[in-house]
Every structure is written in structure tokens, then in C-alpha cells.
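**Q** The structure file coords10.cif (mmCIF, C-alpha atoms and all ligand atoms) is provided below.
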data_my_file
loop_
_atom_site.label_atom_id
_atom_site.label_comp_id
_atom_site.auth_asym_id
_atom_site.auth_seq_id
_atom_site.Cartn_x
_atom_site.Cartn_y
_atom_site.Cartn_z
CA MET A 694 14.46 19.01 -5.37
CA LYS A 695 11.34 18.92 -3.19
CA PHE A 696 8.96 15.95 -3.27
CA ASP A 697 6.37 17.42 -5.68
CA THR A 698 9.11 18.45 -8.10
CA VAL A 699 10.62 14.96 -8.01
CA CYS A 700 7.15 13.59 -8.83
CA VAL A 701 7.14 15.60 -12.06
CA HIS A 702 10.81 15.36 -13.08
CA GLY A 703 12.15 12.27 -11.30
CA ALA A 704 11.80 9.79 -14.17
CA LYS A 705 14.14 10.69 -17.00
CA ASP A 706 14.64 8.53 -20.08
CA LEU A 707 18.40 8.06 -20.13
CA ASN A 708 18.19 6.76 -23.72
CA ASN A 709 16.40 9.86 -25.01
CA ARG A 710 17.91 11.45 -28.13
CA THR A 711 14.71 13.08 -29.39
CA GLY A 712 13.83 15.56 -26.66
CA ALA A 713 10.55 13.73 -25.96
CA LEU A 714 9.19 14.79 -22.55
CA ALA A 715 7.39 11.53 -21.90
CA VAL A 716 9.33 8.34 -21.28
CA PRO A 717 8.58 6.10 -24.30
CA ILE A 718 6.87 2.75 -23.93
CA TYR A 719 9.68 0.41 -24.95
CA GLN A 720 7.37 -2.38 -26.02
CA SER A 721 10.17 -4.79 -26.84
CA ALA A 722 10.59 -8.28 -25.44
CA THR A 723 14.22 -8.54 -26.52
CA PHE A 724 17.16 -6.30 -27.42
CA ALA A 725 19.81 -6.75 -30.13
CA HIS A 726 23.45 -7.11 -29.08
CA PRO A 727 26.05 -4.78 -30.63
CA GLY A 728 28.65 -7.59 -30.74
CA VAL A 729 29.58 -10.98 -29.32
CA GLY A 730 29.53 -10.84 -25.54
CA GLN A 731 28.29 -7.23 -25.65
CA SER A 732 25.06 -5.73 -24.34
CA THR A 733 23.37 -2.34 -24.58
CA GLY A 734 22.44 -2.88 -20.92
CA TYR A 735 19.20 -4.50 -22.06
CA ASP A 736 18.94 -8.12 -23.11
CA TYR A 737 15.47 -9.49 -22.40
CA ALA A 738 12.46 -7.66 -20.95
CA ARG A 739 11.87 -10.06 -18.07
CA THR A 740 15.24 -8.87 -16.71
CA GLN A 741 15.33 -5.15 -17.58
CA ASN A 742 13.10 -2.81 -19.50
CA PRO A 743 13.94 0.84 -20.32
CA THR A 744 10.43 2.07 -19.40
CA ARG A 745 10.40 0.28 -16.03
CA GLU A 746 13.88 1.52 -15.07
CA PRO A 747 13.14 5.27 -14.86
CA LEU A 748 9.96 4.46 -12.92
CA GLU A 749 11.98 2.40 -10.44
CA ARG A 750 14.48 5.26 -10.03
CA LEU A 751 11.60 7.66 -9.42
CA VAL A 752 9.92 5.47 -6.79
CA ALA A 753 13.29 4.89 -5.06
CA SER A 754 13.86 8.63 -4.79
CA LEU A 755 10.31 9.35 -3.57
CA GLU A 756 10.83 6.87 -0.70
CA ASP A 757 14.40 8.08 0.05
CA GLY A 758 15.60 4.61 -0.96
CA LEU A 759 18.51 3.48 -3.12
CA GLU A 760 16.73 0.81 -5.14
CA ALA A 761 13.13 0.15 -6.11
CA LEU A 762 11.68 -2.78 -8.02
CA GLY A 763 8.42 -2.57 -9.97
CA PHE A 764 6.15 -5.63 -9.92
CA SER A 765 2.96 -6.59 -11.73
CA SER A 766 0.94 -6.10 -8.52
CA GLY A 767 1.32 -5.46 -4.82
CA MET A 768 0.84 -9.16 -4.17
CA ALA A 769 3.59 -10.03 -6.67
CA ALA A 770 5.87 -7.68 -4.72
CA LEU A 771 4.95 -9.38 -1.44
CA ASP A 772 5.47 -12.83 -2.99
CA ALA A 773 8.97 -11.80 -4.16
CA LEU A 774 9.73 -10.48 -0.69
CA LEU A 775 8.64 -13.74 0.94
CA SER A 776 10.76 -15.69 -1.55
CA LEU A 777 13.77 -14.32 0.37
CA LEU A 778 12.75 -16.66 3.20
CA GLU A 779 13.19 -20.38 3.63
CA LYS A 780 11.22 -23.25 5.12
CA ASP A 781 10.64 -22.86 8.88
CA ASP A 782 11.51 -19.15 8.84
CA HIS A 783 9.19 -17.14 11.04
CA ILE A 784 7.32 -13.94 10.18
CA ILE A 785 5.54 -11.58 12.54
CA ALA A 786 2.81 -9.50 10.90
CA SER A 787 0.33 -6.85 12.04
CA ASP A 788 -2.89 -8.51 13.19
CA ASP A 789 -4.88 -6.00 11.14
CA LEU A 790 -3.70 -6.29 7.56
CA TYR A 791 -4.86 -6.07 3.96
CA GLY A 792 -6.81 -9.34 3.51
CA GLY A 793 -4.77 -10.42 0.47
CA SER A 794 -1.51 -10.10 2.40
CA ALA A 795 -2.87 -12.27 5.22
CA ARG A 796 -4.07 -14.78 2.59
CA LEU A 797 -0.56 -14.99 1.09
CA PHE A 798 1.07 -15.45 4.52
CA ASP A 799 -1.41 -18.21 5.34
CA PHE A 800 -1.00 -19.83 1.91
CA LEU A 801 2.80 -19.87 2.19
CA ASN A 802 2.51 -21.28 5.70
CA LEU A 803 0.89 -24.31 4.08
CA ARG A 804 2.86 -24.46 0.84
CA ALA A 805 6.36 -23.31 1.74
CA GLY A 806 6.56 -24.10 5.44
CA LEU A 807 6.84 -20.48 6.55
CA LYS A 808 5.35 -19.67 9.94
CA THR A 809 3.46 -16.45 10.59
CA SER A 810 2.35 -14.98 13.91
CA TYR A 811 -0.06 -12.05 14.00
CA VAL A 812 0.52 -9.42 16.66
CA ASP A 813 -1.05 -6.11 17.65
CA MET A 814 1.95 -3.91 16.83
CA GLY A 815 0.77 -1.28 19.31
CA ASP A 816 1.75 -3.76 22.02
CA LEU A 817 5.56 -3.89 21.95
CA LYS A 818 5.64 -6.44 24.79
CA ALA A 819 3.53 -8.81 22.69
CA LEU A 820 5.85 -8.19 19.73
CA LYS A 821 8.92 -8.92 21.86
CA ALA A 822 7.32 -12.09 23.20
CA ALA A 823 6.58 -13.29 19.66
CA ILE A 824 10.21 -13.04 18.48
CA LYS A 825 11.94 -16.42 18.08
CA PRO A 826 15.41 -17.42 16.87
CA GLU A 827 13.77 -18.30 13.49
CA THR A 828 12.13 -14.85 13.13
CA LYS A 829 13.41 -13.29 9.92
CA LEU A 830 10.88 -10.65 8.98
CA VAL A 831 8.37 -8.30 10.60
CA PHE A 832 5.65 -6.91 8.37
CA ILE A 833 3.53 -3.93 9.37
CA GLU A 834 0.94 -1.60 7.96
CA THR A 835 0.47 1.83 9.52
CA PRO A 836 -2.29 2.93 9.39
CA THR A 837 -3.67 -0.61 9.16
CA ASN A 838 -6.34 -1.74 6.74
CA PRO A 839 -9.19 -1.32 7.59
CA MET A 840 -9.05 -0.39 11.30
CA MET A 841 -6.53 2.48 10.89
CA LYS A 842 -4.37 1.41 13.82
CA ILE A 843 -1.16 3.45 14.07
CA THR A 844 2.15 1.68 14.74
CA ASP A 845 5.34 3.38 15.91
CA ILE A 846 7.78 2.32 13.16
CA LEU A 847 10.93 3.36 15.02
CA ALA A 848 9.80 1.71 18.27
CA VAL A 849 9.13 -1.55 16.40
CA LYS A 850 12.58 -1.40 14.78
CA GLU A 851 14.21 -0.84 18.16
CA THR A 852 12.40 -3.88 19.57
CA LEU A 853 13.83 -6.20 16.89
CA PRO A 854 17.16 -8.02 16.86
CA PRO A 855 19.40 -6.49 14.15
CA ASN A 856 19.09 -9.48 11.78
CA VAL A 857 15.28 -9.21 11.53
CA LEU A 858 14.04 -7.26 8.51
CA LEU A 859 11.37 -4.66 9.14
CA VAL A 860 9.02 -4.20 6.18
CA VAL A 861 6.39 -1.45 6.08
CA ASP A 862 3.44 -1.55 3.68
CA ASN A 863 3.20 2.17 2.90
CA THR A 864 0.22 1.92 0.54
CA PHE A 865 -2.16 4.07 2.64
CA LEU A 866 -0.01 7.14 3.34
CA THR A 867 2.42 6.95 0.41
CA PRO A 868 5.88 8.57 0.60
CA TYR A 869 4.18 11.95 0.30
CA TYR A 870 3.10 11.64 3.95
CA GLN A 871 5.38 8.94 5.38
CA LYS A 872 8.87 7.61 4.54
CA PRO A 873 9.43 4.42 6.53
CA LEU A 874 13.07 3.99 5.38
CA ASN A 875 13.88 7.18 7.34
CA LEU A 876 12.28 5.62 10.44
CA GLY A 877 14.30 2.40 10.48
CA ALA A 878 12.41 0.19 8.03
CA ASP A 879 14.58 -2.06 5.85
CA LEU A 880 12.05 -2.30 3.05
CA VAL A 881 8.91 -0.53 1.92
CA LEU A 882 6.16 -2.35 0.05
CA HIS A 883 3.50 -0.69 -2.08
CA SER A 884 0.40 -1.71 -3.82
CA GLY A 885 1.09 0.71 -6.66
CA THR A 886 -2.44 -0.04 -7.80
CA LYS A 887 -3.68 2.43 -5.19
CA TYR A 888 -2.45 6.03 -4.73
CA LEU A 889 0.72 5.70 -6.82
CA SER A 890 -1.30 4.73 -9.88
CA GLY A 891 -4.24 6.73 -8.59
CA HIS A 892 -6.74 6.20 -11.40
CA ASN A 893 -8.20 2.74 -10.70
CA ASP A 894 -6.87 1.53 -14.05
CA THR A 895 -3.55 -0.28 -13.41
CA LEU A 896 -2.23 -3.03 -11.15
CA ALA A 897 1.30 -2.45 -9.86
CA GLY A 898 3.53 -3.19 -6.87
CA PHE A 899 6.86 -1.94 -5.53
CA LEU A 900 9.58 -2.88 -3.11
CA VAL A 901 12.00 -0.13 -2.06
CA THR A 902 15.17 -0.45 0.02
CA ARG A 903 18.59 1.00 0.82
CA ASN A 904 19.96 -2.51 1.24
CA VAL A 905 21.65 -3.14 -2.13
CA PRO A 906 22.40 -6.88 -1.59
CA ILE A 907 18.72 -7.46 -0.77
CA ALA A 908 17.69 -5.46 -3.86
CA GLU A 909 19.97 -7.70 -5.96
CA ARG A 910 18.37 -10.85 -4.54
CA LEU A 911 14.94 -9.40 -5.25
CA ARG A 912 15.95 -8.61 -8.86
CA TYR A 913 17.12 -12.18 -9.24
CA ILE A 914 13.73 -13.42 -7.99
CA SER A 915 11.83 -10.99 -10.24
CA LYS A 916 13.74 -12.01 -13.37
CA THR A 917 13.50 -15.69 -12.47
CA VAL A 918 9.72 -15.72 -12.04
CA GLY A 919 8.90 -12.88 -14.46
CA SER A 920 6.84 -10.75 -12.10
CA GLY A 921 8.21 -7.36 -13.20
CA LEU A 922 5.90 -4.51 -14.21
CA ALA A 923 5.11 -4.36 -17.94
CA PRO A 924 6.28 -1.41 -20.11
CA PHE A 925 2.83 0.09 -20.70
CA ASP A 926 1.92 -0.12 -17.01
CA SER A 927 5.29 1.43 -16.12
CA PHE A 928 4.47 4.31 -18.46
CA LEU A 929 1.07 4.80 -16.77
CA LEU A 930 2.71 4.84 -13.35
CA ILE A 931 5.25 7.49 -14.41
CA ARG A 932 2.39 9.60 -15.73
CA SER A 933 0.30 9.11 -12.57
CA LEU A 934 3.09 9.90 -10.15
CA LYS A 935 3.44 13.40 -11.63
CA THR A 936 0.21 14.32 -9.79
CA LEU A 937 0.70 12.26 -6.62
CA ALA A 938 1.17 15.30 -4.35
CA LEU A 939 -1.83 17.13 -5.85
CA ARG A 940 -4.08 14.11 -5.53
CA MET A 941 -3.05 13.36 -1.95
CA ASP A 942 -3.62 16.97 -0.85
CA LYS A 943 -7.04 17.16 -2.45
CA SER A 944 -8.20 13.76 -1.17
CA GLN A 945 -7.00 14.46 2.36
CA THR A 946 -8.72 17.86 2.51
CA SER A 947 -12.01 16.24 1.52
CA ALA A 948 -11.45 13.26 3.86
CA LEU A 949 -11.02 15.62 6.84
CA LYS A 950 -14.36 17.28 6.01
CA ILE A 951 -16.16 13.99 5.44
CA ALA A 952 -14.76 12.35 8.59
CA SER A 953 -15.82 15.25 10.79
CA TRP A 954 -19.28 15.18 9.21
CA LEU A 955 -19.65 11.40 9.56
CA LYS A 956 -18.61 11.54 13.22
CA ASP A 957 -21.77 13.54 14.07
CA GLN A 958 -24.28 11.39 12.17
CA PRO A 959 -26.77 9.55 14.40
CA LYS A 960 -26.45 6.30 12.38
CA VAL A 961 -22.64 6.31 12.59
CA THR A 962 -21.59 4.54 15.78
CA LYS A 963 -17.80 4.56 15.36
CA ILE A 964 -15.31 6.26 13.10
CA TYR A 965 -11.74 5.22 12.31
CA TYR A 966 -9.75 8.02 10.68
CA PRO A 967 -6.16 8.78 11.72
CA ALA A 968 -6.92 12.47 12.41
CA LEU A 969 -9.62 11.37 14.86
CA ALA A 970 -7.50 8.67 16.55
CA ASP A 971 -6.83 8.60 20.31
CA GLU A 972 -4.17 10.89 21.77
CA LYS A 973 -1.43 8.28 21.89
CA SER A 974 -1.91 7.17 18.26
CA LEU A 975 -2.12 10.75 17.10
CA ALA A 976 1.18 11.59 18.83
CA ILE A 977 2.90 8.66 17.07
CA LEU A 978 1.38 9.61 13.73
CA LYS A 979 2.51 13.24 14.04
CA LYS A 980 6.03 12.08 14.92
CA GLN A 981 6.40 9.85 11.86
CA ALA A 982 4.06 11.22 9.18
CA THR A 983 3.06 14.57 7.75
CA GLY A 984 -0.54 13.69 6.92
CA PHE A 985 -3.54 11.51 7.74
CA GLY A 986 -4.36 10.17 4.29
CA ALA A 987 -7.83 9.82 2.83
CA MET A 988 -9.04 6.42 4.04
CA ILE A 989 -11.95 6.42 6.49
CA SER A 990 -13.56 3.37 8.06
CA PHE A 991 -16.82 3.76 9.94
CA GLU A 992 -19.34 1.60 11.68
CA VAL A 993 -23.07 2.14 11.30
CA ASP A 994 -25.91 1.16 13.63
CA SER A 995 -27.02 -2.02 11.82
CA GLU A 996 -26.24 -4.43 9.02
CA GLU A 997 -29.33 -3.08 7.22
CA THR A 998 -27.98 0.48 7.33
CA ALA A 999 -24.61 -0.72 5.98
CA GLN A 1000 -26.25 -2.52 3.07
CA LYS A 1001 -28.61 0.38 2.40
CA VAL A 1002 -25.65 2.78 2.17
CA LEU A 1003 -23.90 0.46 -0.30
CA GLU A 1004 -27.02 0.24 -2.44
CA SER A 1005 -27.96 3.93 -2.23
CA VAL A 1006 -24.72 5.71 -3.09
CA LYS A 1007 -24.92 7.24 -6.56
CA LEU A 1008 -21.70 9.17 -7.19
CA ILE A 1009 -19.61 7.10 -4.81
CA LEU A 1010 -18.93 3.66 -6.26
CA TYR A 1011 -19.40 0.43 -4.33
CA ALA A 1012 -16.17 -1.29 -5.33
CA GLU A 1013 -13.09 -2.92 -3.91
CA SER A 1014 -9.76 -0.99 -3.97
CA LEU A 1015 -8.73 2.49 -2.91
CA GLY A 1016 -6.46 5.41 -3.64
CA GLY A 1017 -7.90 6.45 -6.99
CA VAL A 1018 -9.48 9.68 -8.21
CA GLU A 1019 -12.95 8.08 -7.89
CA THR A 1020 -14.35 7.83 -4.36
CA LEU A 1021 -15.06 4.19 -3.50
CA ILE A 1022 -16.95 2.55 -0.68
CA THR A 1023 -15.99 -0.98 0.36
CA TYR A 1024 -17.58 -3.60 2.59
CA PRO A 1025 -14.49 -5.24 4.17
CA TYR A 1026 -16.58 -8.02 5.73
CA LEU A 1027 -17.63 -9.37 2.32
CA GLN A 1028 -14.86 -7.99 0.09
CA THR A 1029 -11.25 -7.25 1.06
CA HIS A 1030 -11.32 -9.30 4.27
CA ALA A 1031 -13.79 -12.07 3.35
CA ASP A 1032 -11.05 -14.74 3.44
CA LEU A 1033 -9.96 -14.00 7.01
CA PRO A 1034 -11.08 -16.63 9.55
CA PRO A 1035 -14.40 -15.32 11.02
CA GLU A 1036 -13.06 -15.21 14.58
CA ARG A 1037 -10.09 -13.06 13.54
CA ARG A 1038 -12.38 -10.76 11.57
CA LEU A 1039 -14.64 -10.25 14.56
CA ALA A 1040 -11.79 -9.79 17.04
CA LEU A 1041 -10.52 -6.93 14.87
CA GLY A 1042 -13.93 -5.28 14.60
CA ILE A 1043 -14.49 -6.13 10.94
CA THR A 1044 -18.23 -6.69 11.29
CA GLU A 1045 -21.30 -6.55 9.02
CA ARG A 1046 -21.64 -2.93 10.13
CA LEU A 1047 -18.21 -1.68 9.02
CA LEU A 1048 -17.77 0.34 5.83
CA ARG A 1049 -14.57 1.75 4.33
CA LEU A 1050 -14.39 4.88 2.26
CA SER A 1051 -11.54 5.86 -0.06
CA VAL A 1052 -11.98 9.56 -0.70
CA GLY A 1053 -11.12 10.60 -4.25
CA VAL A 1054 -10.70 14.00 -5.85
CA GLU A 1055 -14.30 14.94 -6.66
CA ASN A 1056 -15.78 18.07 -5.10
CA SER A 1057 -16.28 17.34 -1.39
CA GLN A 1058 -19.73 18.97 -1.39
CA ASP A 1059 -20.95 16.46 -3.97
CA LEU A 1060 -19.51 13.60 -1.91
CA LEU A 1061 -21.19 14.87 1.27
CA GLU A 1062 -24.54 15.20 -0.53
CA ASP A 1063 -24.25 11.62 -1.75
CA LEU A 1064 -23.42 10.28 1.73
CA LYS A 1065 -26.22 12.35 3.23
CA GLN A 1066 -28.87 10.84 0.97
CA ALA A 1067 -27.41 7.31 1.34
CA LEU A 1068 -27.37 7.48 5.16
CA GLY A 1069 -30.71 9.36 5.31
C1 LIG B 1 -4.33 -3.57 -2.38
C2 LIG B 1 -3.33 -3.73 -1.31
C3 LIG B 1 -2.32 -4.68 -1.42
C4 LIG B 1 -2.23 -5.65 -2.60
O1 LIG B 1 -1.89 -4.98 -3.77
P1 LIG B 1 -2.40 -5.41 -5.24
O2 LIG B 1 -1.81 -4.34 -6.09
O3 LIG B 1 -3.89 -5.40 -5.20
O4 LIG B 1 -1.85 -6.75 -5.52
C5 LIG B 1 -1.38 -4.75 -0.40
N1 LIG B 1 -1.45 -3.94 0.67
C6 LIG B 1 -2.42 -3.01 0.80
C7 LIG B 1 -2.44 -2.13 2.01
C8 LIG B 1 -3.40 -2.88 -0.17
O5 LIG B 1 -4.36 -1.97 -0.01
#
Hey, can you dump this file as C-alpha cells for me?
Ligand SMILES: *Cc1c(COP(=O)(O)O)cnc(C)c1O

**A**
Amino acid sequence: MKFDTVCVHGAKDLNNRTGALAVPIYQSATFAHPGVGQSTGYDYARTQNPTREPLERLVASLEDGLEALGFSSGMAALDALLSLLEKDDHIIASDDLYGGSARLFDFLNLRAGLKTSYVDMGDLKALKAAIKPETKLVFIETPTNPMMKITDILAVKETLPPNVLLVVDNTFLTPYYQKPLNLGADLVLHSGTKYLSGHNDTLAGFLVTRNVPIAERLRYISKTVGSGLAPFDSFLLIRSLKTLALRMDKSQTSALKIASWLKDQPKVTKIYYPALADEKSLAILKKQATGFGAMISFEVDSEETAQKVLESVKLILYAESLGGVETLITYPYLQTHADLPPERRLALGITERLLRLSVGVENSQDLLEDLKQALG
């Protein structure tokens, strides 16, 4: 089956005796045992739930993985992942990263004695130099949030000693455009809140892998702390994923139009969109992905212009988050990346003049009109 068909048919309710097309919401905290020492396969919902399971199978197949685990948020997924590590273990992460991920790395540095180095993953020499005997995990985003830097997943994998896990946060491109497990990644992380859910109404997270022993350790962590995705949210994710391919196509088509329009506006001084990246980044992207996504960051001529745009948009919503049907505009400096140390923010180019647009599925003409009047 092709990707878009799997989206529609990939989650089947294995317990279905009614012919229902939709996977039911098994809103049950516990499950009765048929006899002493016997189980139906379900005992207690923190451990397994029959609505979450088909969703996890679906996400595993979309990423070409063997196992997927659904979590209550992307951050819960990252926290479970980092629970695989021990005190004094070393992590190397992309220098440009979702602000919440950086906050969790920094928090666990203090609380759990993990050590994190941040590296520009485009610079493989710097990556190599950062590797220590204690390095256990390398965490990358590509494209990065919000500067859209492209990292060569395979080249990073080839730079690492075999015992170091490579984890790719695939939230921006989704498996529709990029499948990191086919490029050497050991694990994929998702904020399922974004494109996978796609409607700005549900928090979710996923970890996907082909490494079954690691998946078992992650399931142990998930059941121990109770961070698994709830039945109703699992149902919403199954429903949303049916239209993932449609939504990605539509959003990307509009993003291409909007990015090429923005690029020519006198008040726009810089634009960061993968399709408009430099030659080297574009070559890497084309090698490892089949699309550019629908996230655009751009810099305007002054802080006043940036704030005026945020206050003037009418259809486009000034809100944190991305990947939903509604087009959102974000101010990384004050929102997603507000907790980064100021010097790191500035070094990356996250200034008072940077805006980030998540293009939804509205008519692109309406979106362009709105941007035109807001920038005017
Ligand atoms: C939002 C986001 C996260 C965190 O996910 P939540 O679902 O908000 O917990 C992680 N990585 C990226 C790239 C994100 O955009």
C-alpha cells in the first residue's frame, strides 16, 4: 500500500466484531481477566489501551518503523527518550532546536546530571569534535525550528560511533516527506500535536524505531510513569492521520506561493524556507526528503514592523504552535524560544524581527491578501 492509502486504512481495530469503520474509543481504565493468571492482552490502561494500539501500528508503518509509542505530548516522548540515559551521559543536540526541547535538555542537565552540547549539525567536523566516550545520543531537527537549517541525516549517522543513538525530530516534514529511519536514524520523535494531529486541538507525541529492545525499554518507561496517549486523543489522531497527505500537499502548495511572494516584499529582509535554501542545503534536502513542508520563517526590517504584522493579521492567527489547518504566525523571540539564553537566541538569528508562519489549508489567495494588508 502507498503512503496515502496507509493513512486511511493503516489503523485497524483488531477487536472489531461489529464492522464499525472507526476504531472505538475504549474508554476503560481496566480490563477484566477471563481466568486466574489469564489476560485478554489488556490489563490496565496505563500499560496498554486498544485505541492507542492501532494508532501506534499506523504511525510505525508511516515511518517505516517496527514499533511506535504514543505519548501525551511531544515533550513527554522526549522525556521518555531521555529516561534511557543515566547520570553523566552526554547528548549532542542541534544548536537550533524547538525551544521546549532545549529547555528539557537544560533542565535534565541540572536535575539528572545529563550533559548536553549544542552543535551546528551542518558542520560535521564540529560534531566529530564534540563526541566523547560518554556520548550516548545525538538529537537533530531537520529542517530546524525556526531557522530551517537542513542537516544531512546519513552523513551525521556515518560520523557517529555505532553505539551512539541518532534521534531525528521529524515534526516539520512528517513521514509524508521524510523518513529518517531509512536514512540511518535509530529513532524518530514527533510532536503529534502538529501535522499528525493537524487541527490545533490535541496534544500528542510519538517515538518510532526499528530497535525492538529499545522500544521495550520505552514501553516500560511509559507504563511506569503513565505518559501514554489517552484513548480519546488516540481516536482523534487516527481520524486526523487519514488526511495527512492531503493536508501536507495543500499546505506546501500554498507555502511555496507565499514564500515566493514574501521574498520580494520591501519590508522582508530575509526569508528562511527550505525551497529557497542555499544550493548545498537544497541538494541535501532533495536527497533525503520529497518535499519542503509548509513552515516559513522571515525577518522584517524592524521590531515595529514585526509587531505591527502580529497585530494586523485578521485571518491568520497570532498563536504558538504549527502544523494545523489554521494558518498561524508566531514570534519565536517572545514565544517558542523565549526561554533560550539571550546570547544563544541572537547567535542563531532569533531576533525581535523574526516571524514564523505555519501555512494551513485555507485558500492561498486569502492568506496572501491578509499578509499584504498586515505588511502594508
Ligand atoms: C511542538 C514541538 C515539540 C514539542 O511537542 P509538544 O507536543 O508541544 O509537547 C517538539 N519538537 C518540535 C519540532 C515541535 O515543534

**Q** For each of A:Tyr888, A:Phe925, A:Trp954, A:Phe899, take the minimum atom-to-atom distance to Met768 in chain A, counting all atoms listed in the file, then give the residue where this is smallest.

**A**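 Distance minimum relative to Met768 in chain A lands on A:Phe899.
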
**Q** Please provide as a list in words all residues within 9 Å of Ala823 in chain A, with the sequence filter that same-chain residues fewer than 4 positions apart are discarded (counting all atoms listed in the file).

**A** Ile785, Ser810, Tyr811, Val812, Lys818, Ala819 and Thr828 of chain A

**Q** At most 8 Å is the cut-off: for each residue in chain A with any atom that close to an atom of ligand LIG 1 (chain B), write down the nearest atom pair and the distance in Å rounded to one decimal, counting all atoms listed in the file, chain first then increasing number, as a tab-separated table.

**A**
residue	atom	partner	partner_atom	distance
A:Ser765	CA	B:LIG1	O2	7.7
A:Ser766	CA	B:LIG1	O2	4.1
A:Gly767	CA	B:LIG1	O1	3.4
A:Met768	CA	B:LIG1	O4	3.9
A:Ala769	CA	B:LIG1	O4	6.5
A:Ala770	CA	B:LIG1	O4	7.8
A:Leu771	CA	B:LIG1	C5	7.9
A:Leu790	CA	B:LIG1	C7	7.0
A:Tyr791	CA	B:LIG1	C7	5.0
A:Gly793	CA	B:LIG1	C4	6.2
A:Ser794	CA	B:LIG1	C5	6.0
A:Glu834	CA	B:LIG1	C7	6.9
A:Thr837	CA	B:LIG1	C7	7.4
A:Asn838	CA	B:LIG1	C7	6.1
A:Asp862	CA	B:LIG1	C7	6.1
A:Asn863	CA	B:LIG1	C7	7.1
A:Thr864	CA	B:LIG1	C7	5.1
A:Phe865	CA	B:LIG1	C7	6.2
A:Leu882	CA	B:LIG1	N1	7.8
A:His883	CA	B:LIG1	N1	6.5
A:Ser884	CA	B:LIG1	O1	4.0
A:Gly885	CA	B:LIG1	O2	5.9
A:Thr886	CA	B:LIG1	O2	4.7
A:Lys887	CA	B:LIG1	C1	6.7
A:Leu896	CA	B:LIG1	O2	5.2
A:Ala897	CA	B:LIG1	O2	5.2
A:Gly898	CA	B:LIG1	O2	5.5
A:Ser1014	CA	B:LIG1	C1	6.2
A:Leu1015	CA	B:LIG1	O5	6.9

**Q** Restricting the calculation to all atoms listed in the file: of A:Leu930, A:Leu1050, A:Ala773, A:Leu866, which residue gets closest to Ala704 in chain A?

**A**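 Counting all atoms listed in the file, the residue closest to Ala704 in chain A is A:Leu930.
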
**Q** Nearest to Lys980 in chain A among A:Lys842, A:Lys821, A:His726, A:Lys872, with distances taken over only C-alpha atoms: which residue is it?

**A**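 Checking each of A:Lys842, A:Lys821, A:His726, A:Lys872 against Lys980 in chain A, counting only C-alpha atoms, the winner is A:Lys872.
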
**Q** Looking at A:Leu820, A:Leu880, A:Lys943, A:Asp1059, which one is nearest to Glu851 in chain A, with distances taken over all atoms listed in the file?

**A**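 Smallest separation from Glu851 in chain A among the options: A:Leu820.
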
**Q** Kindly indicate which residue among A:Phe985, A:Gly763, A:Ala753, A:Glu997 lies nearest to Leu911 in chain A, using all atoms listed in the file for the distances.

**A**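 Among A:Phe985, A:Gly763, A:Ala753, A:Glu997, it is A:Gly763 that comes nearest to Leu911 in chain A.
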
**Q** Just to confirm, what's the straight-line distance from CA of Val831 in chain A to CA of Ile784 in chain A in Å (one decimal)?

**A**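 Here the two named atoms are 5.8 Å from each other.
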
**Q** Around the point (12.4, -2.9, -16.8), in the coordinates given by the file, pick out the residues reaching within 9 Å, counting all atoms listed in the file, and return them as a PyMOL selection string.

**A** chain A and resi 735+738-749+762-763+921-924+927

**Q** Just checking: using only C-alpha atoms, which residue out of A:Thr962, A:Thr895, A:Tyr737, A:Asp813 ends up closest to Thr917 in chain A?

**A**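 Smallest distance to Thr917 in chain A is found for A:Tyr737.
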